[in-house]
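Enquirer: Provided below: work_30.cif, containing mmCIF, C-alpha atoms.
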```
data_start
#
loop_
_atom_site.group_PDB
_atom_site.id
_atom_site.type_symbol
_atom_site.label_atom_id
_atom_site.label_comp_id
_atom_site.auth_asym_id
_atom_site.auth_seq_id
_atom_site.Cartn_x
_atom_site.Cartn_y
_atom_site.Cartn_z
ATOM 1 C CA MET A 598 26.075 -9.344 -29.299
ATOM 2 C CA LEU A 599 26.142 -7.046 -26.274
ATOM 3 C CA SER A 600 29.257 -5.184 -25.199
ATOM 4 C CA LYS A 601 31.430 -5.968 -22.207
ATOM 5 C CA SER A 602 30.232 -2.752 -20.567
ATOM 6 C CA ASN A 603 26.648 -4.000 -20.800
ATOM 7 C CA ARG A 604 27.638 -7.272 -19.172
ATOM 8 C CA ARG A 605 29.317 -5.349 -16.383
ATOM 9 C CA ASN A 606 26.045 -3.501 -15.825
ATOM 10 C CA LEU A 607 24.364 -6.759 -14.900
ATOM 11 C CA LEU A 608 27.060 -7.498 -12.365
ATOM 12 C CA LYS A 609 26.385 -4.092 -10.823
ATOM 13 C CA VAL A 610 22.784 -5.188 -10.343
ATOM 14 C CA ALA A 611 24.000 -8.155 -8.348
ATOM 15 C CA VAL A 612 25.649 -5.798 -5.892
ATOM 16 C CA ALA A 613 22.869 -3.242 -5.882
ATOM 17 C CA PHE A 614 20.124 -5.569 -4.667
ATOM 18 C CA PRO A 615 21.318 -7.702 -1.736
ATOM 19 C CA PHE A 616 18.830 -10.269 -0.506
ATOM 20 C CA PHE A 617 17.718 -9.517 3.041
ATOM 21 C CA ASN A 618 14.532 -9.167 5.103
ATOM 22 C CA VAL A 619 12.462 -6.188 4.015
ATOM 23 C CA MET A 620 9.137 -7.031 5.603
ATOM 24 C CA ASN A 621 8.877 -3.720 7.508
ATOM 25 C CA ARG A 622 9.979 -1.398 4.718
ATOM 26 C CA PRO A 623 7.474 1.376 3.872
ATOM 27 C CA VAL A 624 7.525 0.416 0.207
ATOM 28 C CA ILE A 625 5.303 -2.574 0.965
ATOM 29 C CA ALA A 626 2.482 -0.183 1.800
ATOM 30 C CA GLN A 627 3.118 1.587 -1.502
ATOM 31 C CA ILE A 628 2.852 -1.664 -3.457
ATOM 32 C CA LEU A 629 -0.236 -2.892 -1.637
ATOM 33 C CA ALA A 630 -2.025 0.465 -1.752
ATOM 34 C CA SER A 631 -2.361 0.382 -5.514
ATOM 35 C CA GLY A 632 -5.587 -1.181 -6.725
ATOM 36 C CA GLN A 633 -3.713 -2.549 -9.720
ATOM 37 C CA PRO A 634 -2.815 -6.265 -9.527
ATOM 38 C CA ILE A 635 0.661 -7.510 -10.353
ATOM 39 C CA ARG A 636 0.773 -9.006 -13.834
ATOM 40 C CA LEU A 637 3.279 -11.813 -14.316
ATOM 41 C CA ILE A 638 3.884 -12.064 -18.057
ATOM 42 C CA VAL A 639 4.807 -15.551 -19.276
ATOM 43 C CA PRO A 640 6.260 -15.475 -22.819
ATOM 44 C CA ALA A 641 5.221 -19.085 -23.406
ATOM 45 C CA PRO A 642 1.930 -20.909 -24.079
ATOM 46 C CA VAL A 643 -0.585 -22.087 -21.503
ATOM 47 C CA GLY A 644 0.391 -25.580 -20.356
ATOM 48 C CA SER A 645 4.108 -25.050 -20.975
ATOM 49 C CA SER A 646 6.742 -25.583 -18.298
ATOM 50 C CA PRO A 647 7.116 -21.839 -17.510
ATOM 51 C CA ASP A 648 3.330 -21.455 -17.364
ATOM 52 C CA PHE A 649 2.992 -24.347 -14.892
ATOM 53 C CA PHE A 650 5.478 -23.018 -12.357
ATOM 54 C CA ALA A 651 4.568 -19.352 -12.799
ATOM 55 C CA ARG A 652 0.991 -20.154 -11.799
ATOM 56 C CA LEU A 653 2.154 -22.273 -8.884
ATOM 57 C CA ILE A 654 4.328 -19.591 -7.309
ATOM 58 C CA ALA A 655 1.964 -16.738 -8.211
ATOM 59 C CA GLN A 656 -0.677 -18.445 -6.096
ATOM 60 C CA GLN A 657 1.685 -18.690 -3.116
ATOM 61 C CA ALA A 658 3.076 -15.159 -3.492
ATOM 62 C CA THR A 659 -0.452 -13.743 -3.715
ATOM 63 C CA LYS A 660 -1.148 -15.163 -0.259
ATOM 64 C CA SER A 661 1.943 -13.658 1.355
ATOM 65 C CA LEU A 662 1.853 -10.313 -0.475
ATOM 66 C CA GLY A 663 -1.880 -9.873 0.003
ATOM 67 C CA LYS A 664 -2.198 -8.594 -3.557
ATOM 68 C CA PRO A 665 -3.439 -10.464 -6.650
ATOM 69 C CA ILE A 666 -0.746 -11.747 -8.994
ATOM 70 C CA ILE A 667 -2.268 -12.546 -12.366
ATOM 71 C CA VAL A 668 -0.424 -14.783 -14.822
ATOM 72 C CA GLU A 669 -0.777 -13.534 -18.397
ATOM 73 C CA ASN A 670 0.530 -15.560 -21.337
ATOM 74 C CA ARG A 671 2.078 -13.643 -24.236
ATOM 75 C CA PRO A 672 3.808 -16.371 -26.270
ATOM 76 C CA GLY A 673 5.384 -16.164 -29.689
ATOM 77 C CA ALA A 674 8.674 -15.570 -31.494
ATOM 78 C CA ALA A 675 10.804 -17.554 -29.018
ATOM 79 C CA GLY A 676 9.535 -15.444 -26.119
ATOM 80 C CA ILE A 677 10.387 -12.139 -27.783
ATOM 81 C CA ILE A 678 6.809 -10.827 -27.821
ATOM 82 C CA GLY A 679 6.344 -11.150 -24.064
ATOM 83 C CA ALA A 680 9.818 -9.874 -23.236
ATOM 84 C CA GLU A 681 9.424 -6.768 -25.424
ATOM 85 C CA TYR A 682 6.088 -6.026 -23.773
ATOM 86 C CA VAL A 683 7.544 -6.074 -20.255
ATOM 87 C CA ALA A 684 10.668 -4.142 -21.278
ATOM 88 C CA LYS A 685 8.428 -1.262 -22.414
ATOM 89 C CA SER A 686 6.141 -1.396 -19.354
ATOM 90 C CA VAL A 687 6.079 1.133 -16.531
ATOM 91 C CA ALA A 688 8.763 0.269 -13.954
ATOM 92 C CA ASP A 689 6.507 0.307 -10.899
ATOM 93 C CA GLY A 690 6.522 -3.367 -9.908
ATOM 94 C CA THR A 691 3.086 -4.150 -11.367
ATOM 95 C CA THR A 692 4.275 -5.755 -14.624
ATOM 96 C CA LEU A 693 6.892 -8.498 -14.334
ATOM 97 C CA LEU A 694 8.462 -11.009 -16.703
ATOM 98 C CA TYR A 695 8.515 -14.722 -15.940
ATOM 99 C CA ALA A 696 11.356 -15.568 -18.302
ATOM 100 C CA HIS A 697 12.858 -18.829 -19.422
ATOM 101 C CA SER A 698 16.529 -19.036 -20.270
ATOM 102 C CA GLY A 699 16.037 -18.660 -24.004
ATOM 103 C CA VAL A 700 14.541 -15.204 -23.563
ATOM 104 C CA MET A 701 17.400 -13.893 -21.453
ATOM 105 C CA VAL A 702 20.557 -15.642 -22.639
ATOM 106 C CA MET A 703 19.961 -17.137 -26.108
ATOM 107 C CA ASN A 704 17.851 -14.671 -28.076
ATOM 108 C CA PRO A 705 20.400 -11.828 -27.799
ATOM 109 C CA HIS A 706 23.012 -13.942 -29.569
ATOM 110 C CA ILE A 707 20.642 -15.398 -32.170
ATOM 111 C CA TYR A 708 18.428 -12.518 -33.302
ATOM 112 C CA SER A 709 20.222 -9.647 -35.006
ATOM 113 C CA LYS A 710 17.286 -7.241 -34.675
ATOM 114 C CA LEU A 711 16.148 -7.944 -31.127
ATOM 115 C CA ARG A 712 14.158 -5.031 -29.703
ATOM 116 C CA TYR A 713 14.972 -5.650 -26.072
ATOM 117 C CA ASP A 714 18.261 -5.849 -24.215
ATOM 118 C CA PRO A 715 18.123 -8.536 -21.524
ATOM 119 C CA LEU A 716 21.031 -7.122 -19.562
ATOM 120 C CA ASN A 717 19.944 -3.485 -19.542
ATOM 121 C CA ASP A 718 16.155 -3.521 -19.929
ATOM 122 C CA PHE A 719 15.462 -5.785 -16.946
ATOM 123 C CA VAL A 720 16.363 -6.138 -13.276
ATOM 124 C CA ALA A 721 16.635 -9.593 -11.703
ATOM 125 C CA ILE A 722 14.193 -10.554 -8.944
ATOM 126 C CA SER A 723 14.285 -14.312 -8.276
ATOM 127 C CA HIS A 724 15.685 -17.470 -9.859
ATOM 128 C CA THR A 725 12.750 -19.852 -9.493
ATOM 129 C CA LEU A 726 13.839 -23.190 -10.897
ATOM 130 C CA THR A 727 15.966 -25.303 -13.187
ATOM 131 C CA ALA A 728 14.152 -27.576 -15.621
ATOM 132 C CA PRO A 729 15.981 -30.527 -17.161
ATOM 133 C CA CYS A 730 14.916 -31.496 -20.672
ATOM 134 C CA VAL A 731 14.357 -34.991 -21.991
ATOM 135 C CA LEU A 732 15.636 -36.093 -25.380
ATOM 136 C CA ALA A 733 12.357 -37.719 -26.335
ATOM 137 C CA THR A 734 11.174 -39.944 -29.153
ATOM 138 C CA ALA A 735 7.983 -41.890 -29.909
ATOM 139 C CA TYR A 736 7.473 -44.935 -27.709
ATOM 140 C CA GLU A 737 7.471 -47.162 -30.813
ATOM 141 C CA SER A 738 10.713 -45.611 -32.062
ATOM 142 C CA PRO A 739 13.519 -48.050 -32.900
ATOM 143 C CA TYR A 740 15.916 -46.062 -30.705
ATOM 144 C CA SER A 741 16.196 -46.965 -27.032
ATOM 145 C CA THR A 742 19.332 -45.093 -25.960
ATOM 146 C CA LEU A 743 21.346 -42.105 -27.086
ATOM 147 C CA PRO A 744 24.215 -44.296 -28.376
ATOM 148 C CA ASP A 745 21.653 -46.251 -30.490
ATOM 149 C CA LEU A 746 20.456 -42.992 -31.994
ATOM 150 C CA LEU A 747 23.931 -41.632 -32.708
ATOM 151 C CA ILE A 748 25.086 -44.829 -34.411
ATOM 152 C CA LYS A 749 22.086 -44.706 -36.757
ATOM 153 C CA ALA A 750 22.550 -40.976 -37.355
ATOM 154 C CA MET A 751 26.115 -41.570 -38.481
ATOM 155 C CA GLU A 752 24.865 -44.137 -40.997
ATOM 156 C CA MET A 753 22.196 -41.826 -42.485
ATOM 157 C CA PRO A 754 23.185 -38.152 -42.094
ATOM 158 C CA GLY A 755 20.245 -35.736 -42.198
ATOM 159 C CA GLU A 756 17.586 -38.430 -42.505
ATOM 160 C CA ILE A 757 16.552 -38.264 -38.856
ATOM 161 C CA ASN A 758 14.586 -35.123 -38.081
ATOM 162 C CA TYR A 759 13.869 -33.252 -34.874
ATOM 163 C CA ALA A 760 11.258 -30.764 -33.776
ATOM 164 C CA SER A 761 11.738 -27.568 -31.832
ATOM 165 C CA TYR A 762 9.422 -24.947 -30.393
ATOM 166 C CA GLY A 763 10.770 -22.538 -33.002
ATOM 167 C CA ALA A 764 14.092 -21.429 -34.401
ATOM 168 C CA GLY A 765 16.357 -20.118 -31.670
ATOM 169 C CA THR A 766 14.622 -21.919 -28.797
ATOM 170 C CA LEU A 767 16.497 -24.210 -26.418
ATOM 171 C CA ALA A 768 15.177 -27.286 -28.243
ATOM 172 C CA HIS A 769 16.837 -25.954 -31.407
ATOM 173 C CA VAL A 770 20.109 -24.635 -29.964
ATOM 174 C CA ALA A 771 20.684 -27.640 -27.693
ATOM 175 C CA MET A 772 20.080 -30.120 -30.517
ATOM 176 C CA GLU A 773 22.497 -28.319 -32.820
ATOM 177 C CA ALA A 774 25.065 -28.354 -30.025
ATOM 178 C CA LEU A 775 24.463 -32.093 -29.582
ATOM 179 C CA CYS A 776 24.947 -32.680 -33.306
ATOM 180 C CA ALA A 777 28.189 -30.725 -33.294
ATOM 181 C CA GLU A 778 29.558 -32.569 -30.271
ATOM 182 C CA ALA A 779 28.566 -36.003 -31.615
ATOM 183 C CA ASN A 780 29.523 -35.206 -35.240
ATOM 184 C CA VAL A 781 26.094 -36.148 -36.605
ATOM 185 C CA LYS A 782 23.448 -34.313 -38.624
ATOM 186 C CA PHE A 783 19.710 -34.112 -37.911
ATOM 187 C CA THR A 784 17.159 -32.132 -39.928
ATOM 188 C CA HIS A 785 15.473 -29.319 -38.002
ATOM 189 C CA ILE A 786 11.675 -28.878 -38.205
ATOM 190 C CA PRO A 787 10.626 -25.767 -36.227
ATOM 191 C CA TYR A 788 7.077 -25.581 -34.860
ATOM 192 C CA SER A 789 5.161 -22.445 -33.957
ATOM 193 C CA GLY A 790 3.309 -24.365 -31.239
ATOM 194 C CA GLN A 791 3.885 -27.596 -29.365
ATOM 195 C CA PRO A 792 5.211 -30.492 -31.508
ATOM 196 C CA THR A 793 4.248 -33.165 -28.971
ATOM 197 C CA THR A 794 1.419 -34.745 -31.001
ATOM 198 C CA ASP A 795 3.652 -35.181 -34.033
ATOM 199 C CA LEU A 796 6.425 -36.524 -31.829
ATOM 200 C CA ILE A 797 4.119 -39.168 -30.350
ATOM 201 C CA SER A 798 2.981 -40.249 -33.824
ATOM 202 C CA ASN A 799 6.589 -40.265 -35.106
ATOM 203 C CA VAL A 800 5.961 -37.558 -37.718
ATOM 204 C CA VAL A 801 9.087 -36.068 -36.193
ATOM 205 C CA GLN A 802 11.591 -38.411 -34.572
ATOM 206 C CA LEU A 803 13.146 -36.321 -31.809
ATOM 207 C CA CYS A 804 12.592 -33.317 -29.584
ATOM 208 C CA PHE A 805 14.037 -31.868 -26.429
ATOM 209 C CA GLU A 806 10.955 -31.745 -24.195
ATOM 210 C CA PRO A 807 10.805 -30.120 -20.746
ATOM 211 C CA VAL A 808 10.750 -32.919 -18.206
ATOM 212 C CA ASN A 809 7.444 -31.915 -16.644
ATOM 213 C CA THR A 810 5.589 -32.078 -19.972
ATOM 214 C CA ALA A 811 7.348 -35.263 -21.102
ATOM 215 C CA LEU A 812 7.005 -37.182 -17.834
ATOM 216 C CA PRO A 813 3.281 -38.108 -18.026
ATOM 217 C CA LEU A 814 3.665 -39.132 -21.676
ATOM 218 C CA ILE A 815 6.635 -41.322 -20.784
ATOM 219 C CA ARG A 816 4.599 -42.958 -18.014
ATOM 220 C CA GLU A 817 1.694 -43.490 -20.425
ATOM 221 C CA LYS A 818 4.123 -45.149 -22.883
ATOM 222 C CA LYS A 819 3.507 -42.549 -25.565
ATOM 223 C CA LEU A 820 7.054 -41.192 -25.481
ATOM 224 C CA LYS A 821 10.420 -42.709 -24.684
ATOM 225 C CA ALA A 822 13.289 -40.874 -22.972
ATOM 226 C CA LEU A 823 16.661 -41.478 -24.619
ATOM 227 C CA ALA A 824 18.644 -39.187 -22.313
ATOM 228 C CA ILE A 825 18.335 -36.144 -20.091
ATOM 229 C CA THR A 826 20.144 -32.804 -20.292
ATOM 230 C CA SER A 827 20.970 -32.374 -16.592
ATOM 231 C CA SER A 828 24.439 -32.930 -15.180
ATOM 232 C CA LYS A 829 23.196 -35.872 -13.105
ATOM 233 C CA ARG A 830 20.263 -38.270 -13.244
ATOM 234 C CA ILE A 831 16.970 -37.188 -11.697
ATOM 235 C CA ALA A 832 14.781 -39.059 -9.217
ATOM 236 C CA VAL A 833 11.643 -39.215 -11.381
ATOM 237 C CA LEU A 834 13.556 -40.881 -14.257
ATOM 238 C CA PRO A 835 16.335 -42.732 -12.444
ATOM 239 C CA THR A 836 17.117 -45.182 -15.261
ATOM 240 C CA VAL A 837 17.473 -42.491 -17.938
ATOM 241 C CA SER A 838 21.092 -41.597 -18.528
ATOM 242 C CA THR A 839 22.406 -38.077 -18.843
ATOM 243 C CA ILE A 840 23.723 -36.927 -22.198
ATOM 244 C CA SER A 841 27.038 -36.255 -20.479
ATOM 245 C CA GLU A 842 27.404 -39.998 -19.839
ATOM 246 C CA THR A 843 27.802 -40.332 -23.630
ATOM 247 C CA ILE A 844 29.113 -36.872 -24.525
ATOM 248 C CA PRO A 845 31.263 -35.571 -21.648
ATOM 249 C CA ASN A 846 30.425 -32.145 -20.195
ATOM 250 C CA PHE A 847 27.223 -31.752 -22.217
ATOM 251 C CA TYR A 848 24.699 -29.781 -20.164
ATOM 252 C CA ALA A 849 21.621 -28.012 -21.517
ATOM 253 C CA ASP A 850 19.019 -27.537 -18.797
ATOM 254 C CA THR A 851 16.638 -24.665 -19.167
ATOM 255 C CA TRP A 852 15.820 -22.404 -16.231
ATOM 256 C CA GLN A 853 13.282 -19.812 -15.204
ATOM 257 C CA GLY A 854 13.365 -16.523 -13.333
ATOM 258 C CA ILE A 855 11.423 -13.364 -12.597
ATOM 259 C CA TYR A 856 12.518 -9.925 -13.815
ATOM 260 C CA ALA A 857 11.168 -6.374 -13.603
ATOM 261 C CA PRO A 858 11.611 -3.540 -16.103
ATOM 262 C CA SER A 859 14.814 -1.587 -15.633
ATOM 263 C CA GLY A 860 14.303 1.429 -13.389
ATOM 264 C CA THR A 861 12.095 -0.367 -10.876
ATOM 265 C CA ALA A 862 12.894 0.934 -7.402
ATOM 266 C CA GLU A 863 15.354 -1.075 -5.337
ATOM 267 C CA GLU A 864 12.865 -1.400 -2.465
ATOM 268 C CA ILE A 865 10.251 -2.895 -4.779
ATOM 269 C CA ILE A 866 12.774 -5.360 -6.210
ATOM 270 C CA MET A 867 13.825 -6.529 -2.757
ATOM 271 C CA THR A 868 10.247 -6.855 -1.539
ATOM 272 C CA LEU A 869 9.189 -8.890 -4.559
ATOM 273 C CA ALA A 870 12.355 -11.003 -4.349
ATOM 274 C CA GLU A 871 11.526 -11.980 -0.793
ATOM 275 C CA HIS A 872 7.934 -12.918 -1.545
ATOM 276 C CA PHE A 873 8.678 -14.858 -4.724
ATOM 277 C CA SER A 874 11.667 -16.662 -3.209
ATOM 278 C CA ASN A 875 9.583 -17.622 -0.192
ATOM 279 C CA ALA A 876 6.838 -18.843 -2.530
ATOM 280 C CA VAL A 877 9.288 -21.181 -4.265
ATOM 281 C CA ASN A 878 10.495 -22.519 -0.921
ATOM 282 C CA VAL A 879 7.045 -23.405 0.444
ATOM 283 C CA PRO A 880 7.231 -27.195 1.099
ATOM 284 C CA THR A 881 4.157 -27.987 -1.000
ATOM 285 C CA THR A 882 5.560 -25.966 -3.921
ATOM 286 C CA ARG A 883 8.905 -27.724 -3.720
ATOM 287 C CA ARG A 884 7.255 -31.131 -3.526
ATOM 288 C CA LEU A 885 5.069 -30.419 -6.564
ATOM 289 C CA ALA A 886 8.141 -29.240 -8.479
ATOM 290 C CA PHE A 887 10.223 -32.302 -7.576
ATOM 291 C CA ASP A 888 7.315 -34.591 -8.496
ATOM 292 C CA GLN A 889 7.389 -33.010 -11.977
ATOM 293 C CA GLY A 890 11.144 -33.492 -12.311
ATOM 294 C CA LEU A 891 11.805 -29.777 -11.792
ATOM 295 C CA ILE A 892 14.484 -28.424 -9.446
ATOM 296 C CA PRO A 893 13.256 -25.459 -7.357
ATOM 297 C CA VAL A 894 15.852 -22.786 -6.592
ATOM 298 C CA GLY A 895 14.194 -19.798 -4.908
ATOM 299 C CA SER A 896 17.238 -17.522 -4.790
ATOM 300 C CA GLY A 897 17.148 -13.739 -4.599
ATOM 301 C CA ALA A 898 17.943 -10.857 -6.922
ATOM 302 C CA SER A 899 21.742 -10.801 -6.648
ATOM 303 C CA ASP A 900 22.056 -14.548 -7.238
ATOM 304 C CA LEU A 901 19.834 -14.427 -10.317
ATOM 305 C CA ALA A 902 21.723 -11.424 -11.717
ATOM 306 C CA ALA A 903 25.074 -13.182 -11.427
ATOM 307 C CA PHE A 904 23.633 -16.427 -12.778
ATOM 308 C CA THR A 905 22.076 -14.654 -15.773
ATOM 309 C CA ASN A 906 25.407 -13.040 -16.589
ATOM 310 C CA ALA A 907 27.251 -16.374 -16.479
ATOM 311 C CA GLU A 908 24.607 -18.126 -18.603
ATOM 312 C CA PHE A 909 24.599 -15.256 -21.084
ATOM 313 C CA GLN A 910 28.272 -15.806 -21.749
ATOM 314 C CA ARG A 911 28.029 -19.621 -21.800
ATOM 315 C CA TRP A 912 25.186 -19.802 -24.321
ATOM 316 C CA GLY A 913 26.715 -17.010 -26.379
ATOM 317 C CA GLU A 914 29.716 -19.244 -26.954
ATOM 318 C CA VAL A 915 27.466 -22.212 -27.896
ATOM 319 C CA VAL A 916 25.489 -20.124 -30.396
ATOM 320 C CA LYS A 917 28.619 -18.655 -31.957
ATOM 321 C CA ARG A 918 30.338 -22.049 -32.167
ATOM 322 C CA ASN A 919 27.335 -23.531 -34.005
ATOM 323 C CA ASN A 920 26.737 -20.447 -36.177
ATOM 324 C CA ILE A 921 23.056 -20.086 -35.216
ATOM 325 C CA ARG A 922 21.776 -16.722 -36.405
ATOM 326 C CA ILE A 923 18.346 -15.329 -37.340
ATOM 327 C CA ASN A 924 17.932 -11.964 -39.079
#
```
Step by step, read the file and then write its structure as C-alpha cells.

Expert:
Amino acid sequence: MLSKSNRRNLLKVAVAFPFFNVMNRPVIAQILASGQPIRLIVPAPVGSSPDFFARLIAQQATKSLGKPIIVENRPGAAGIIGAEYVAKSVADGTTLLYAHSGVMVMNPHIYSKLRYDPLNDFVAISHTLTAPCVLATAYESPYSTLPDLLIKAMEMPGEINYASYGAGTLAHVAMEALCAEANVKFTHIPYSGQPTTDLISNVVQLCFEPVNTALPLIREKKLKALAITSSKRIAVLPTVSTISETIPNFYADTWQGIYAPSGTAEEIIMTLAEHFSNAVNVPTTRRLAFDQGLIPVGSGASDLAAFTNAEFQRWGEVVKRNNIRIN
C-alpha cells in the first residue's frame, strides 16, 4: 500500500501538466528529430481489449505526429512485466505504457513485492477509454440472468466456477467483489492466457470478459451475457441488464490510459497528450470504439492523473475489503 504522500504526488502531476494547445512548441522538433520511433508498450496479449484500441489510436497519432508509433506487446503477470519495463525505460518520450486499470490501480494493493510504483514511476498522458465488461457464460448454460445465477449459487456454494486472466486481474477482483456483495461463493480458476475457449465449451462457467471480445461471440451464440459491469446499459447490448440493477452501486468497468516514465519533460507530456487525445476523438476512431461497446474518453494529462488517483483509492478499498493479496 502506498503512502498518502505518494498519492499527493499524483495530484501534483494533475496540476503540473495542464491540457492546452502546444502545436508550436519547440519540443515537437526535438521529438520528431530523433530517428527512434515511439514504442507503445501494451502489457496484455495480442487481440486483447487494450491491444485493439492501442493499435487503433497509434495509427491515428502516427499520422498527426509524423513519427512512427509501434505497438509492442509485453504481457504476463497481470501486466506487471510490461509496466516494469516502461518504468525502467529512459524518460525521453520514446517508450510509453498503454496501461489498463489493473496495472495502475489494482496491482499495487494486491502484490506485496511489486517492483514498480504506479503513482511515482509514471506520468499521466491521456485517458483513452472505458471498457465495460460482460459477465459471460456459455450459450448453452442453464443461467439466463444474474438473479438466476445467484439463486443457484446460494443453493450450491463453491460448485460454480469462474475463470480469470490471472490472479489479481479485474476478472478476479471484480468477481470476488460480486461474491461478497451477493453473499455467494464461486471457485476461482486463474488462466495464464485467454479462457474464452473453455468458457464457450462450459469447462468454466463464468468469466468477466471485456465487451469488445465478448460481443462477436454473443452475436454468434457461443456466449451469453448475464449482466454488464457499467453503471448504465450500453447501446450494443441494450437488453443486457447492469449488475447494479440487481446489486445496487456495483460498478466494475475497466479503463485504459497512456503513461510515460517519471521524469519525462513536461513539454513532451503535453505534446503527446494532445496528439493521443486528438487520435481518440477522430470520428472514425470513436465510431469503431462505440461499435465494439467501448466508451472513448480522449482526455488529457491532468484529467487522467486525477482519475488514476481516485480509482487507486476506490479499488484499494475493494481489494482490502475482500482480502485479496498475492506475495

Enquirer: May I ask for the distance between CA of Leu743 in chain A and CA of Ala779 in chain A, given in Å to one decimal place?

Expert: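 Rounded to one decimal, the two atoms are 10.5 Å apart.
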
Enquirer: Using all atoms listed in the file, can you tell me which of A:Gly699, A:Pro640, A:Gly632, A:Gly676 comes closest to Lys664 in chain A?

Expert: A:Gly632

Enquirer: Kindly indicate which residue among A:Thr839, A:Gln802, A:Thr725, A:Thr692 lies nearest to Leu653 in chain A, using only C-alpha atoms for the distances.

Expert: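 Answer, going by the shortest atom-to-atom distance: A:Thr725.
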
Enquirer: Expressed in Å to a single decimal, how great is the separation between CA of Thr861 in chain A and CA of Arg712 in chain A?

Expert: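 So the two atoms, CA of Thr861 in chain A and CA of Arg712 in chain A, lie 19.5 Å apart.
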
Enquirer: Taking the file as I've supplied it (selection: the PyMOL selection byres ((chain A and resi 916) around 10)), which residues are included? Please answer as number ranges by chain.

Expert: A: 703-704, 706-707, 765, 770-771, 773-774, 911-915, 917-922

Enquirer: Considering only C-alpha atoms, state which residue in the set A:Ala721, A:Ala760, A:Leu732, A:Ala862 is at the smallest distance from Ser838 in chain A.

Expert: A:Leu732

Enquirer: What is the distance between CA of Val683 in chain A and CA of Ile638 in chain A, in Å to one decimal?

Expert: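 Between CA of Val683 in chain A and CA of Ile638 in chain A the gap is 7.4 Å.
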
Enquirer: Just say which residues the PyMOL selection byres ((chain A and resi 661) around 12) picks in this file, as a short mmCIF file (atom, residue, chain, number, x, y, z; two decimals) with C-alpha atoms, in the frame of the given file.

Expert:
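That gives us result_31.cif:
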```cif
data_model
loop_
_atom_site.label_atom_id
_atom_site.label_comp_id
_atom_site.auth_asym_id
_atom_site.auth_seq_id
_atom_site.Cartn_x
_atom_site.Cartn_y
_atom_site.Cartn_z
CA MET A 620 9.14 -7.03 5.60
CA ILE A 625 5.30 -2.57 0.96
CA LEU A 629 -0.24 -2.89 -1.64
CA ILE A 654 4.33 -19.59 -7.31
CA ALA A 655 1.96 -16.74 -8.21
CA GLN A 656 -0.68 -18.44 -6.10
CA GLN A 657 1.68 -18.69 -3.12
CA ALA A 658 3.08 -15.16 -3.49
CA THR A 659 -0.45 -13.74 -3.72
CA LYS A 660 -1.15 -15.16 -0.26
CA LEU A 662 1.85 -10.31 -0.48
CA GLY A 663 -1.88 -9.87 0.00
CA LYS A 664 -2.20 -8.59 -3.56
CA PRO A 665 -3.44 -10.46 -6.65
CA ILE A 666 -0.75 -11.75 -8.99
CA THR A 868 10.25 -6.86 -1.54
CA LEU A 869 9.19 -8.89 -4.56
CA GLU A 871 11.53 -11.98 -0.79
CA HIS A 872 7.93 -12.92 -1.54
CA PHE A 873 8.68 -14.86 -4.72
CA SER A 874 11.67 -16.66 -3.21
CA ASN A 875 9.58 -17.62 -0.19
CA ALA A 876 6.84 -18.84 -2.53
CA VAL A 877 9.29 -21.18 -4.26
CA VAL A 879 7.04 -23.40 0.44
#
```

Enquirer: Run through the PyMOL selection byres ((chain A and resi 737) around 9) on the given coordinates and return the selected residues as a VMD selection string.

Expert: chain A and resid 734 to 736 738 to 740 797 to 799 818 to 821

Enquirer: Would you mind telling me which residue in A:Gly755, A:Ala750, A:Ser761, A:Cys730 lies nearest to Ile892 in chain A when using all atoms listed in the file?

Expert: A:Cys730

Enquirer: Quick one: residues within 12 Å of Ser646 in chain A, only C-alpha atoms, excluding same-chain residues fewer than 5 positions away - as a PyMOL selection string?

Expert: chain A and resi 639-641+651-653+695-698+726-730+791+806-812+851-853+886+889-891

Enquirer: At a cut-off of 8 Å, using only C-alpha atoms, what residues contact Ala870 in chain A? Leave out same-chain residues fewer than 6 positions from it and give the result as JSON, numbers by chain.

Expert: {"A": [616, 722, 723, 897, 898]}

Enquirer: Name the closest residue to Ile840 in chain A among the candidates A:Val720, A:Cys776, A:Leu711, A:Ala903; distances are taken between atoms, counting only C-alpha atoms.

Expert: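 Counting only C-alpha atoms, the residue closest to Ile840 in chain A is A:Cys776.
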
Enquirer: Counting only C-alpha atoms, which of A:Arg636, A:Phe887, A:Thr905, A:Lys710 gets nearest to Thr691 in chain A?

Expert: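 Distance minimum relative to Thr691 in chain A lands on A:Arg636.
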
Enquirer: Given 4 Å on each side, where is the centre and what are the edge lengths in Å to one decimal of the axis-aligned box enclosing the listed atoms of range 911-915 of chain A, as JSON?

Expert:
```
{"center_x": 27.5, "center_y": -19.6, "center_z": -24.8, "size_x": 12.5, "size_y": 13.2, "size_z": 14.1}
```
